[in-house]
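Peer 1: Just dropping this structure here.
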Number of protein chains: 2
Amino acid sequence: MTKSDRPRRQKVTLQHVADAANVSKATASLALNNSTRISAPTRQRVLNAVKSLGYVYNQRAASLRTQRSYTIGLIIKDLSNPFNAELTSGAESQLADHDYSLVLATTDDDLGKQTRMIQTMLQRDVDGLILAPTASTPTSDLQRLTDYCPLVLLTPYHAGLGVDCVGMDDENGTARALEHLIQQGHRRIAFVGGFDTDLTRQRRVRSYRHSLRRHDIALDPALCIAGPVSRRGGYDAMRALLRMPAPPTAAYCYSDVIAFGVMLGLRAAGLEAGKDLALIGFDDVPEAALWHPSLTTVSNDPRGLGLNAAQLMLRRIAEPDLPLKRIITPSRLIERDTTAALTPRRCLKR
Amino acid sequence: MTKSDRPRRQKVTLQHVADAANVSKATASLALNNSTRISAPTRQRVLNAVKSLGYVYNQRAASLRTQRSYTIGLIIKDLSNPFNAELTSGAESQLADHDYSLVLATTDDDLGKQTRMIQTMLQRDVDGLILAPTASTPTSDLQRLTDYCPLVLLTPYHAGLGVDCVGMDDENGTARALEHLIQQGHRRIAFVGGFDTDLTRQRRVRSYRHSLRRHDIALDPALCIAGPVSRRGGYDAMRALLRMPAPPTAAYCYSDVIAFGVMLGLRAAGLEAGKDLALIGFDDVPEAALWHPSLTTVSNDPRGLGLNAAQLMLRRIAEPDLPLKRIITPSRLIERDTTAALTPRRCLKR
DNA sequence: CCTCCCTTGTAAATCGGTTCACTGGCAGTC
DNA sequence: GACTGCCAGTGAACCGATTTACAAGGGAGG
């Protein structure tokens with residue numbers, strides 16, 4: 001059996017509908033757009049023709065004239081990360097509610113690919129672009145992009161840039177995580193994961209140092225470990241930390257994924273998070289609650305992030321002269337087993 | 001500061017480029033499409049004009065004439081499910097490699113929403129549609145859809161339908177899971193989760209029964225428990241199973257998510273999977289390997305599924321008369337802790 | 001009966017590209 | 001020198017919708 005058994009039907013256009021209803025193309029168009037200039041009986045004739053011919057409206061053709069594609073581009077780094085998947089899901093549902101479609105692209109955190117994807121989006125003539133910029137994106141590129149279409153950035157940083165931003169308050173989230181650990185008496189607290197080129201990480205590290213300083217805790221650069229954002233990265237970092245002469249009693253991770261790796265690294269040494277090391281992650285991915293022991297983490301509502309970004313984009317399109325907006329969603333610390341009633345004196349005394 | 005500080009620039013069209021290069025619109029178009037009919041110097045003039053004016057090609061306008069939008073629609077049930085996120089990721093990267101864009105929509109497994117989303121996709125004039133149909137989708141709808149655009153279904157069922165399909169071999173996966181349990185001596189094996197309206201579940205249940213019958217094991221309908229595909233669903237099902245006079249010694253779950261719930265349900269009763277109950281999930285989501293104890297599960301390579309679907313779609317577009325194709329990706333059983341060296345005699349003897 | 005307005009509908013321009021049929025000019029051939 | 005063929009480029013039709021300016025017909029008012 002081949003597809004040619006049933007050839008694809010000839011496309012039905014508005015002209016065909018008009019012919020079938022015995023009206024002009026203009027009338028058919030107006031009828032479908034509920035113009036008051038068309039009488040009820042005529043409109044009905046058109047609608048009947050639409051139904052009997054199986055006409056589907058061609059948004060693409062219309063957009064040529066209307067300059068509206070009802071399409072929003074979303075460019076993220078990586079869909080495998082559940083955080084981004086949730087974010088995308090939030091954006092999609094918000095857009096769908098307003099009859100917009102989502103065009104999705106990923107960059108794998110690669111500037112070259114990001115540039116290509118932006119180009120593609122512009123060529124596809126999206127009405128707006130929601131972008132999670134890779135770390136190395138030149139500010140000028142983003143600035144210039146606003147010449148071409150409305151832009152919403154998924155990051156809290158470029159606030160002074162003249163671009164709408166939606167981001168999470170990871171500075172504050174970091175502060176809370178550190179406060180929690182310090183409150184429990186920890187003094188040697190590691191920062192684990194991510195690379196220093198990453199702006200997000202830079203901010204969190206800054207906030208981490210700030211918190212330590214506020215409590216007169218000396219900074220030990222050896223406790224700040226860079227590495228890939230993966231379980232493997234966390235695992236390796238933890239092994240390295242355990243080899244130190246004075247290992248930390250607590251660790252704050254760049255992301256939950258890394259924290260899981262840290263737990264595995266501990267386990268491989270016969271140790272357990274929440275017993276031998278206080279541990280806090282970041283993101284609150286669903287597994288965080290279900291892991292054993294459950295992971296204390298900074299929660300950030302990724303779905304809400306996507307939702308807000310989409311919402312902001314739609315408002316911007318509706319009112320281009322709206323004052324610049326920046327939505328920072330608050331972070332919460334979710335306290336779970338990995339920091340439960342754990343005092344530093346019981347940790348990693350080897 | 002408002003956006004009006006820097007007004008969006010006037011759109012640059014091919015006509016502007018042509019004027020700047022002192023050629024006709026036709027020549028500009030041909031030059032950009034690398035036609036041999038344009039001399040090198042002229043082509044260069046056009047390219048220079050493009051660069052200096054910041055022209056961006058309008059794919060949408062072109063598609064009106066070429067009847068190619070370089071856009072593929074993907075309709076899935078839910079992006080929060082990591083299985084679907086991976087699938088989407090695979091499809092996206094495959095499409096991006098071939099300069100196609102992905103338009104994404106979700107249905108929440110709701111037929112009405114699915115119908116609307118299909119309609120939207122057709123209006124957006126996608127070159128093809130990859131669809132994970134909700135359980136209740138009438139076959140005739142799918143058949144009719146092929147009149148409008150190339151269609152690839154994400155399901156192994158509708159093979160006789162005259163539609164390309166990409167799916168996983170969950171029948172075989174189920175057989176292997178059951179074989180594994182029966183091999184270990186289990187006789188009372190539960191099937192947990194999903195609703196009977198779900199075609200996928202129907203097939204797995206059929207295969208489950210078939211395996212039992214093959215080994216002359218009596219079917220106990222009470223061991224086949226329907227419920228929502230969520231941790232909660234698994235949790236509740238397990239609690240119910242534990243209340244039975246003769247609880248099962250093993251459970252095969254409709255999905256990993258449900259299996260996680262089952263583990264939590266066991267734990268709440270002071271029991272542990274792999275010790276008090278042999279447990280197998282389905283999907284092999286990343287958490288399955290990392291959960292404690294790690295979950296034995298049927299692996300299905302969701303990314304490969306998306307990749308195959310996209311690939312098949314691209315081939316179908318390139319060669320519409322290709323014979324009908326059906327790609328079934330094989331399932332593997334990943335043996336982990338929850339079924340490790342566990343004999344039924346040690347299970348759930350209360 | 002004539003004018004004016006109102007209602008309903010239409011012809012034609014338009015959006016930004018592609019593509020086909022055609023042209024002017026130049027080199028090669030007989 | 002006339003003819004052929006090719007090269008480089010152009011004008012105009014076309015894709016499928018929207019939208020504007022205008023027209024035909026009918027009723028109201030004088």
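Following the order of the structure tokens, first chain is A, next is B, and so on, with residues numbered from 1 inside each chain and ligands from 1 in the order they appear.
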As a short mmCIF file (atom, residue, chain, number, x, y, z; two decimals) with C-alpha atoms, in the first residue's frame, please: chain A after a least-squares superposition onto chain B using all C-alpha atoms matched in order.

Peer 2:
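Result went into selection-v1.cif, see below:
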data_model
loop_
_atom_site.label_atom_id
_atom_site.label_comp_id
_atom_site.auth_asym_id
_atom_site.auth_seq_id
_atom_site.Cartn_x
_atom_site.Cartn_y
_atom_site.Cartn_z
CA MET A 1 11.59 54.16 30.17
CA THR A 2 9.16 52.90 27.57
CA LYS A 3 9.58 50.81 24.51
CA SER A 4 8.74 53.77 22.34
CA ASP A 5 12.17 55.18 23.01
CA ARG A 6 13.39 53.16 20.10
CA PRO A 7 10.61 52.46 17.63
CA ARG A 8 10.67 49.14 15.84
CA ARG A 9 12.37 49.64 12.51
CA GLN A 10 10.43 49.62 9.29
CA LYS A 11 10.48 46.17 7.77
CA VAL A 12 13.02 45.74 4.99
CA THR A 13 11.62 43.82 2.03
CA LEU A 14 13.19 42.27 -0.99
CA GLN A 15 12.10 45.31 -2.98
CA HIS A 16 14.26 47.53 -0.79
CA VAL A 17 17.19 45.24 -1.33
CA ALA A 18 16.60 45.27 -5.08
CA ASP A 19 16.44 49.06 -5.13
CA ALA A 20 19.62 49.38 -3.13
CA ALA A 21 21.43 46.98 -5.45
CA ASN A 22 19.98 48.63 -8.53
CA VAL A 23 18.37 45.47 -9.81
CA SER A 24 14.83 44.19 -10.12
CA LYS A 25 13.04 42.29 -7.40
CA ALA A 26 13.22 39.18 -9.56
CA THR A 27 16.97 39.45 -9.85
CA ALA A 28 17.35 39.93 -6.14
CA SER A 29 15.27 36.85 -5.49
CA LEU A 30 17.24 34.75 -7.94
CA ALA A 31 20.52 36.01 -6.54
CA LEU A 32 19.57 34.99 -3.03
CA ASN A 33 18.52 31.58 -4.25
CA ASN A 34 21.85 31.05 -5.95
CA SER A 35 20.43 30.85 -9.41
CA THR A 36 23.00 30.37 -12.19
CA ARG A 37 21.22 33.01 -14.18
CA ILE A 38 22.77 35.76 -12.11
CA SER A 39 26.37 36.86 -12.63
CA ALA A 40 28.80 36.87 -9.75
CA PRO A 41 29.20 40.66 -9.52
CA THR A 42 25.44 41.23 -9.51
CA ARG A 43 24.93 38.59 -6.86
CA GLN A 44 27.57 40.28 -4.77
CA ARG A 45 25.83 43.64 -5.08
CA VAL A 46 22.63 42.02 -3.85
CA LEU A 47 24.37 40.34 -0.94
CA ASN A 48 25.97 43.62 0.03
CA ALA A 49 22.59 45.32 0.00
CA VAL A 50 21.16 42.56 2.16
CA LYS A 51 23.89 43.02 4.68
CA SER A 52 23.83 46.79 4.80
CA LEU A 53 20.05 46.99 5.07
CA GLY A 54 19.76 44.18 7.59
CA TYR A 55 17.28 42.37 5.42
CA VAL A 56 15.68 39.23 6.80
CA TYR A 57 14.13 36.78 4.40
CA ASN A 58 10.41 36.35 4.89
CA GLN A 59 9.74 32.64 4.78
CA ARG A 60 6.05 33.25 5.34
CA ALA A 61 5.65 35.36 2.25
CA ALA A 62 7.66 32.92 0.19
CA SER A 63 5.60 29.99 1.38
CA LEU A 64 2.51 31.50 -0.15
CA ARG A 65 4.00 30.88 -3.54
CA THR A 66 6.13 27.84 -2.86
CA GLN A 67 3.51 26.04 -0.80
CA ARG A 68 6.21 25.05 1.66
CA SER A 69 6.27 26.47 5.15
CA TYR A 70 9.23 24.48 6.47
CA THR A 71 7.24 23.98 9.61
CA ILE A 72 6.09 20.75 11.24
CA GLY A 73 3.42 20.53 13.89
CA LEU A 74 3.83 18.29 16.91
CA ILE A 75 0.83 17.60 19.11
CA ILE A 76 1.44 15.70 22.31
CA LYS A 77 -0.55 15.16 25.44
CA ASP A 78 1.57 16.80 28.04
CA LEU A 79 5.03 18.26 28.20
CA SER A 80 5.40 17.79 31.94
CA ASN A 81 5.91 14.11 31.38
CA PRO A 82 9.66 13.66 30.88
CA PHE A 83 8.96 10.94 28.35
CA ASN A 84 7.20 13.45 26.12
CA ALA A 85 9.77 16.12 26.77
CA GLU A 86 12.49 13.78 25.55
CA LEU A 87 10.41 12.82 22.56
CA THR A 88 9.89 16.46 21.68
CA SER A 89 13.54 17.16 22.12
CA GLY A 90 14.42 14.39 19.68
CA ALA A 91 11.95 15.61 17.11
CA GLU A 92 13.06 19.20 17.43
CA SER A 93 16.72 18.47 16.93
CA GLN A 94 16.04 16.29 13.92
CA LEU A 95 13.84 18.94 12.33
CA ALA A 96 16.27 21.75 13.11
CA ASP A 97 19.00 19.79 11.36
CA HIS A 98 16.92 19.97 8.21
CA ASP A 99 15.95 23.62 8.57
CA TYR A 100 12.43 22.86 9.66
CA SER A 101 10.78 24.53 12.61
CA LEU A 102 8.69 22.82 15.24
CA VAL A 103 5.28 24.13 16.20
CA LEU A 104 4.26 22.61 19.48
CA ALA A 105 0.84 22.08 21.02
CA THR A 106 -0.48 19.99 23.88
CA THR A 107 -3.88 18.40 24.36
CA ASP A 108 -3.91 17.31 28.01
CA ASP A 109 -5.36 14.10 26.61
CA ASP A 110 -8.59 15.92 25.85
CA LEU A 111 -10.30 15.18 22.57
CA GLY A 112 -11.88 18.60 22.26
CA LYS A 113 -8.60 20.37 22.76
CA GLN A 114 -6.93 17.98 20.36
CA THR A 115 -9.48 18.84 17.68
CA ARG A 116 -8.87 22.54 18.21
CA MET A 117 -5.13 22.13 18.10
CA ILE A 118 -5.26 20.14 14.89
CA GLN A 119 -7.41 22.86 13.39
CA THR A 120 -4.92 25.49 14.49
CA MET A 121 -2.04 23.55 13.00
CA LEU A 122 -3.81 23.23 9.67
CA GLN A 123 -4.55 26.94 9.70
CA ARG A 124 -0.91 27.66 10.42
CA ASP A 125 -0.32 25.62 7.29
CA VAL A 126 2.24 23.20 8.65
CA ASP A 127 3.94 20.98 6.08
CA GLY A 128 3.18 17.96 8.21
CA LEU A 129 1.69 16.94 11.50
CA ILE A 130 3.07 14.54 14.09
CA LEU A 131 0.31 13.53 16.45
CA ALA A 132 0.06 11.52 19.63
CA PRO A 133 -3.67 10.89 19.44
CA THR A 134 -5.72 10.81 22.61
CA ALA A 135 -7.32 7.50 23.39
CA SER A 136 -10.79 8.47 22.26
CA THR A 137 -9.82 9.80 18.83
CA PRO A 138 -12.15 8.36 16.19
CA THR A 139 -10.25 6.50 13.52
CA SER A 140 -12.18 8.32 10.82
CA ASP A 141 -10.87 11.67 12.05
CA LEU A 142 -7.31 10.49 11.59
CA GLN A 143 -8.10 9.09 8.17
CA ARG A 144 -9.67 12.37 7.09
CA LEU A 145 -6.75 14.34 8.45
CA THR A 146 -4.48 12.77 5.86
CA ASP A 147 -6.46 14.64 3.23
CA TYR A 148 -5.09 17.87 4.58
CA CYS A 149 -1.45 17.21 5.31
CA PRO A 150 1.07 14.43 5.77
CA LEU A 151 0.50 12.73 9.09
CA VAL A 152 2.69 10.65 11.36
CA LEU A 153 1.07 9.06 14.37
CA LEU A 154 2.92 8.45 17.60
CA THR A 155 1.35 5.13 18.37
CA PRO A 156 1.79 1.58 17.20
CA TYR A 157 -1.92 0.82 16.81
CA HIS A 158 -3.36 2.38 13.74
CA ALA A 159 -1.21 0.27 11.50
CA GLY A 160 -4.00 -0.80 9.18
CA LEU A 161 -5.17 2.75 8.82
CA GLY A 162 -3.16 4.00 5.89
CA VAL A 163 -1.14 6.33 8.08
CA ASP A 164 2.54 6.35 8.95
CA CYS A 165 3.15 5.30 12.52
CA VAL A 166 6.00 5.47 14.97
CA GLY A 167 5.63 3.65 18.23
CA MET A 168 7.28 1.58 20.82
CA ASP A 169 6.92 -2.13 21.12
CA ASP A 170 5.23 -2.12 24.49
CA GLU A 171 3.63 -5.48 23.86
CA ASN A 172 7.02 -7.09 23.64
CA GLY A 173 8.30 -4.98 26.52
CA THR A 174 5.45 -6.17 28.68
CA ALA A 175 6.13 -9.77 27.75
CA ARG A 176 9.76 -9.41 28.84
CA ALA A 177 8.84 -7.81 32.12
CA LEU A 178 6.38 -10.59 32.91
CA GLU A 179 8.82 -13.25 31.79
CA HIS A 180 11.38 -11.82 34.18
CA LEU A 181 8.99 -11.88 37.13
CA ILE A 182 7.64 -15.33 36.36
CA GLN A 183 11.17 -16.61 35.95
CA GLN A 184 11.85 -15.49 39.50
CA GLY A 185 8.93 -17.58 40.64
CA HIS A 186 6.25 -14.96 41.05
CA ARG A 187 2.69 -16.10 40.53
CA ARG A 188 0.62 -13.27 41.96
CA ILE A 189 1.56 -10.33 39.78
CA ALA A 190 -0.43 -7.11 39.76
CA PHE A 191 -0.91 -4.76 36.83
CA VAL A 192 -1.07 -1.23 38.18
CA GLY A 193 -2.30 2.04 36.76
CA GLY A 194 -3.83 3.70 33.73
CA PHE A 195 -7.44 3.70 32.66
CA ASP A 196 -9.10 1.14 30.48
CA THR A 197 -10.08 3.70 27.88
CA ASP A 198 -6.41 4.03 27.06
CA LEU A 199 -5.52 1.93 24.03
CA THR A 200 -1.93 1.62 25.12
CA ARG A 201 -3.00 0.21 28.43
CA GLN A 202 -5.40 -2.20 26.77
CA ARG A 203 -2.55 -3.64 24.75
CA ARG A 204 -0.30 -3.97 27.73
CA VAL A 205 -2.99 -5.61 29.79
CA ARG A 206 -3.64 -8.01 26.95
CA SER A 207 0.02 -8.85 26.78
CA TYR A 208 0.17 -9.20 30.56
CA ARG A 209 -2.70 -11.68 30.54
CA HIS A 210 -1.20 -13.52 27.63
CA SER A 211 2.07 -14.00 29.48
CA LEU A 212 0.33 -15.28 32.58
CA ARG A 213 -1.74 -17.70 30.57
CA ARG A 214 1.29 -19.00 28.77
CA HIS A 215 2.62 -20.07 32.15
CA ASP A 216 -0.68 -21.48 33.33
CA ILE A 217 -1.11 -18.81 35.95
CA ALA A 218 -4.70 -18.10 36.86
CA LEU A 219 -5.86 -14.55 36.21
CA ASP A 220 -7.08 -12.65 39.23
CA PRO A 221 -9.03 -9.60 38.03
CA ALA A 222 -8.58 -8.00 41.43
CA LEU A 223 -4.87 -7.72 40.71
CA CYS A 224 -5.45 -5.49 37.70
CA ILE A 225 -5.89 -2.02 39.13
CA ALA A 226 -6.88 1.01 37.11
CA GLY A 227 -6.05 4.55 38.17
CA PRO A 228 -4.54 7.85 37.16
CA VAL A 229 -1.07 7.95 35.68
CA SER A 230 0.59 9.75 38.54
CA ARG A 231 2.49 9.08 41.72
CA ARG A 232 -0.73 9.50 43.62
CA GLY A 233 -2.35 6.84 41.45
CA GLY A 234 0.41 4.37 42.21
CA TYR A 235 0.35 5.20 45.88
CA ASP A 236 -3.38 4.62 46.21
CA ALA A 237 -3.25 1.43 44.19
CA MET A 238 -0.53 0.01 46.40
CA ARG A 239 -2.44 0.83 49.56
CA ALA A 240 -5.41 -0.99 48.10
CA LEU A 241 -3.30 -3.99 47.16
CA LEU A 242 -1.89 -4.19 50.67
CA ARG A 243 -5.39 -4.42 52.08
CA MET A 244 -6.14 -7.52 50.02
CA PRO A 245 -6.30 -10.88 51.81
CA ALA A 246 -3.64 -12.25 49.47
CA PRO A 247 -1.53 -9.35 48.22
CA PRO A 248 0.62 -9.79 45.13
CA THR A 249 4.33 -10.54 45.40
CA ALA A 250 5.12 -8.52 42.31
CA ALA A 251 3.71 -5.56 40.41
CA TYR A 252 4.08 -4.40 36.84
CA CYS A 253 3.21 -0.73 36.43
CA TYR A 254 1.82 1.14 33.48
CA SER A 255 4.54 3.73 33.87
CA ASP A 256 7.54 4.62 36.00
CA VAL A 257 5.66 7.48 37.53
CA ILE A 258 3.12 5.04 38.89
CA ALA A 259 5.87 2.73 40.08
CA PHE A 260 7.33 5.57 42.11
CA GLY A 261 3.95 6.02 43.72
CA VAL A 262 3.83 2.31 44.47
CA MET A 263 7.19 2.59 46.18
CA LEU A 264 5.95 5.45 48.29
CA GLY A 265 2.86 3.44 49.17
CA LEU A 266 5.01 0.55 50.26
CA ARG A 267 7.26 2.79 52.26
CA ALA A 268 4.29 4.30 54.05
CA ALA A 269 3.53 0.77 55.24
CA GLY A 270 7.09 0.21 56.37
CA LEU A 271 7.86 -1.91 53.34
CA GLU A 272 10.38 -1.56 50.55
CA ALA A 273 10.30 -2.34 46.85
CA GLY A 274 12.88 -4.97 45.96
CA LYS A 275 12.61 -6.43 49.41
CA ASP A 276 8.92 -6.88 50.05
CA LEU A 277 7.63 -6.61 46.53
CA ALA A 278 9.16 -7.10 43.12
CA LEU A 279 8.43 -4.04 41.02
CA ILE A 280 8.77 -3.14 37.36
CA GLY A 281 7.94 0.16 35.73
CA PHE A 282 7.67 1.35 32.17
CA ASP A 283 9.47 4.20 30.34
CA ASP A 284 12.87 4.26 32.00
CA VAL A 285 12.69 7.90 32.90
CA PRO A 286 16.01 9.22 34.22
CA GLU A 287 14.83 9.05 37.84
CA ALA A 288 14.30 5.30 37.50
CA ALA A 289 18.03 4.68 37.67
CA LEU A 290 18.55 7.12 40.50
CA TRP A 291 15.67 6.34 42.77
CA HIS A 292 16.54 4.39 45.83
CA PRO A 293 16.15 1.47 45.33
CA SER A 294 16.65 1.83 41.60
CA LEU A 295 13.69 0.75 39.51
CA THR A 296 13.62 -2.16 37.10
CA THR A 297 11.78 -0.87 34.06
CA VAL A 298 11.05 -1.26 30.38
CA SER A 299 13.15 1.17 28.38
CA ASN A 300 11.85 2.78 25.24
CA ASP A 301 14.14 5.53 24.06
CA PRO A 302 11.66 8.39 23.85
CA ARG A 303 14.20 10.61 22.17
CA GLY A 304 14.63 8.05 19.45
CA LEU A 305 10.89 7.93 19.03
CA GLY A 306 10.70 11.66 18.37
CA LEU A 307 13.70 11.46 16.13
CA ASN A 308 12.19 8.67 14.07
CA ALA A 309 8.88 10.44 13.80
CA ALA A 310 10.55 13.59 12.50
CA GLN A 311 12.72 11.63 10.14
CA LEU A 312 9.78 9.72 8.75
CA MET A 313 7.87 12.95 8.29
CA LEU A 314 10.70 14.52 6.34
CA ARG A 315 10.97 11.48 4.10
CA ARG A 316 7.24 11.46 3.53
CA ILE A 317 7.34 15.10 2.50
CA ALA A 318 10.26 14.48 0.18
CA GLU A 319 8.68 11.38 -1.36
CA PRO A 320 4.91 11.43 -0.91
CA ASP A 321 4.51 8.12 -2.70
CA LEU A 322 6.81 6.22 -0.42
CA PRO A 323 5.17 3.01 0.73
CA LEU A 324 3.42 3.32 4.04
CA LYS A 325 5.81 2.95 6.92
CA ARG A 326 5.58 1.83 10.48
CA ILE A 327 8.54 2.13 12.79
CA ILE A 328 8.38 0.16 15.99
CA THR A 329 11.27 0.84 18.30
CA PRO A 330 12.17 -2.16 20.40
CA SER A 331 11.74 -2.26 24.16
CA ARG A 332 14.42 -3.47 26.52
CA LEU A 333 14.07 -4.59 30.09
CA ILE A 334 16.47 -2.75 32.36
CA GLU A 335 17.02 -4.90 35.43
CA ARG A 336 17.71 -2.96 38.61
CA ASP A 337 17.28 -3.19 42.35
CA THR A 338 13.50 -3.52 42.58
CA THR A 339 13.65 -7.01 41.11
CA ALA A 340 17.15 -7.98 42.14
CA ALA A 341 17.44 -11.53 43.39
CA LEU A 342 14.04 -11.44 44.92
CA THR A 343 12.06 -14.60 45.43
CA PRO A 344 8.36 -14.47 46.07
CA ARG A 345 8.59 -16.42 49.31
CA ARG A 346 10.23 -13.43 50.97
CA CYS A 347 7.58 -10.99 49.79
CA LEU A 348 4.67 -9.55 51.71
CA LYS A 349 4.24 -12.43 54.09
CA ARG A 350 2.29 -10.64 56.64
#

Peer 1: Near DC6 of chain D, counting only C-alpha atoms (C1' of nucleotides), which residues have an atom at most 12 Å away, once you skip same-chain residues fewer than 6 positions from it, shown as a PyMOL selection string?

Peer 2: (chain B and resi 37) or (chain C and resi 25-28)

Peer 1: Give me, as a PyMOL selection string, the residues of chain C touching chain A, with the criterion being at most 10 Å (counting only C-alpha atoms (C1' of nucleotides)).

Peer 2: chain C and resi 7-11+14-17

Peer 1: Taking N, CA and C atoms (P, O5', C5', C4', C3', O3' and C1' of nucleotides) for each residue, export the selection above as an mmCIF file, in the first residue's frame.

Peer 2:
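Output file result-v6.cif is given in full below:
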data_model
loop_
_atom_site.group_PDB
_atom_site.id
_atom_site.type_symbol
_atom_site.label_atom_id
_atom_site.label_comp_id
_atom_site.auth_asym_id
_atom_site.auth_seq_id
_atom_site.Cartn_x
_atom_site.Cartn_y
_atom_site.Cartn_z
ATOM 1 P P DT C 7 -27.773 51.402 8.118
ATOM 2 O "O5'" DT C 7 -27.936 50.160 7.158
ATOM 3 C "C5'" DT C 7 -29.223 49.867 6.589
ATOM 4 C "C4'" DT C 7 -29.056 48.896 5.451
ATOM 5 C "C3'" DT C 7 -28.076 47.753 5.740
ATOM 6 O "O3'" DT C 7 -28.738 46.528 5.491
ATOM 7 C "C1'" DT C 7 -27.587 48.755 3.650
ATOM 8 P P DT C 8 -28.102 45.130 5.881
ATOM 9 O "O5'" DT C 8 -27.353 44.706 4.537
ATOM 10 C "C5'" DT C 8 -28.127 44.417 3.374
ATOM 11 C "C4'" DT C 8 -27.208 44.246 2.203
ATOM 12 C "C3'" DT C 8 -26.101 43.193 2.399
ATOM 13 O "O3'" DT C 8 -26.356 42.150 1.483
ATOM 14 C "C1'" DT C 8 -25.284 45.180 1.369
ATOM 15 P P DG C 9 -25.415 40.859 1.429
ATOM 16 O "O5'" DG C 9 -24.342 41.303 0.341
ATOM 17 C "C5'" DG C 9 -24.826 41.608 -0.982
ATOM 18 C "C4'" DG C 9 -23.723 42.270 -1.772
ATOM 19 C "C3'" DG C 9 -22.448 41.439 -1.931
ATOM 20 O "O3'" DG C 9 -22.345 41.045 -3.292
ATOM 21 C "C1'" DG C 9 -21.991 43.742 -1.518
ATOM 22 P P DT C 10 -21.181 40.076 -3.769
ATOM 23 O "O5'" DT C 10 -20.239 41.099 -4.542
ATOM 24 C "C5'" DT C 10 -20.817 41.991 -5.485
ATOM 25 C "C4'" DT C 10 -19.747 42.901 -6.038
ATOM 26 C "C3'" DT C 10 -18.443 42.201 -6.409
ATOM 27 O "O3'" DT C 10 -18.029 42.679 -7.672
ATOM 28 C "C1'" DT C 10 -17.993 43.995 -4.941
ATOM 29 P P DA C 11 -17.072 41.803 -8.558
ATOM 30 O "O5'" DA C 11 -16.070 42.927 -9.083
ATOM 31 C "C5'" DA C 11 -16.538 44.262 -9.280
ATOM 32 C "C4'" DA C 11 -15.357 45.221 -9.363
ATOM 33 C "C3'" DA C 11 -14.077 44.645 -9.955
ATOM 34 O "O3'" DA C 11 -13.431 45.699 -10.655
ATOM 35 C "C1'" DA C 11 -13.677 45.212 -7.693
ATOM 36 P P DT C 14 -1.678 49.415 -4.489
ATOM 37 O "O5'" DT C 14 -1.468 48.360 -3.323
ATOM 38 C "C5'" DT C 14 -2.171 48.516 -2.081
ATOM 39 C "C4'" DT C 14 -1.929 47.299 -1.220
ATOM 40 C "C3'" DT C 14 -0.496 46.759 -1.274
ATOM 41 O "O3'" DT C 14 0.128 47.044 -0.035
ATOM 42 C "C1'" DT C 14 -2.125 45.021 -1.297
ATOM 43 P P DC C 15 1.754 47.088 0.023
ATOM 44 O "O5'" DC C 15 2.109 45.793 0.896
ATOM 45 C "C5'" DC C 15 1.557 45.613 2.186
ATOM 46 C "C4'" DC C 15 1.662 44.160 2.562
ATOM 47 C "C3'" DC C 15 2.998 43.540 2.153
ATOM 48 O "O3'" DC C 15 3.869 43.535 3.278
ATOM 49 C "C1'" DC C 15 1.125 42.111 1.634
ATOM 50 P P DG C 16 5.393 44.010 3.017
ATOM 51 O "O5'" DG C 16 6.075 42.709 2.412
ATOM 52 C "C5'" DG C 16 6.231 41.572 3.226
ATOM 53 C "C4'" DG C 16 6.759 40.440 2.384
ATOM 54 C "C3'" DG C 16 8.024 40.764 1.596
ATOM 55 O "O3'" DG C 16 8.876 39.633 1.624
ATOM 56 C "C1'" DG C 16 6.395 39.946 0.166
ATOM 57 P P DG C 17 10.430 39.769 1.383
ATOM 58 O "O5'" DG C 17 10.834 38.283 1.009
ATOM 59 C "C5'" DG C 17 11.016 37.885 -0.323
ATOM 60 C "C4'" DG C 17 9.980 36.848 -0.703
ATOM 61 C "C3'" DG C 17 10.305 36.054 -1.955
ATOM 62 O "O3'" DG C 17 10.966 34.863 -1.583
ATOM 63 C "C1'" DG C 17 8.031 36.831 -1.956
#

Peer 1: Give me every helix (DSSP H, G or I) residue in segment 246-294 of chain B, going by DSSP on the backbone, as a list of chain:residue names.

Peer 2: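 Going through segment 246-294 of chain B, the helix (DSSP H, G or I) residues come out as B:Asp256, B:Val257, B:Ile258, B:Ala259, B:Phe260, B:Gly261, B:Val262, B:Met263, B:Leu264, B:Gly265, B:Leu266, B:Arg267, B:Ala268, B:Pro286, B:Glu287, B:Ala288, B:Ala289, B:Leu290.
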
Peer 1: Could I get the residues of chain D with an atom no further than 6 Å from an atom of chain A, each paired with its nearest atom pair and that distance in Å to one decimal, using only C-alpha atoms (C1' of nucleotides), sorted by chain and residue number, as JSON lines?

Peer 2:
{"residue": "D:DG16", "atom": "C1'", "partner": "A:Ala61", "partner_atom": "CA", "distance": 5.1}
{"residue": "D:DA17", "atom": "C1'", "partner": "A:Ala62", "partner_atom": "CA", "distance": 4.3}
{"residue": "D:DT18", "atom": "C1'", "partner": "A:Arg65", "partner_atom": "CA", "distance": 5.9}

Peer 1: With only C-alpha atoms (C1' of nucleotides) as the counted atoms, please give the residues lying no more than 12 Å from DG24 of chain C, apart from itself and same-chain residues fewer than 5 positions off, as number ranges by chain.

Peer 2: D: 7-10
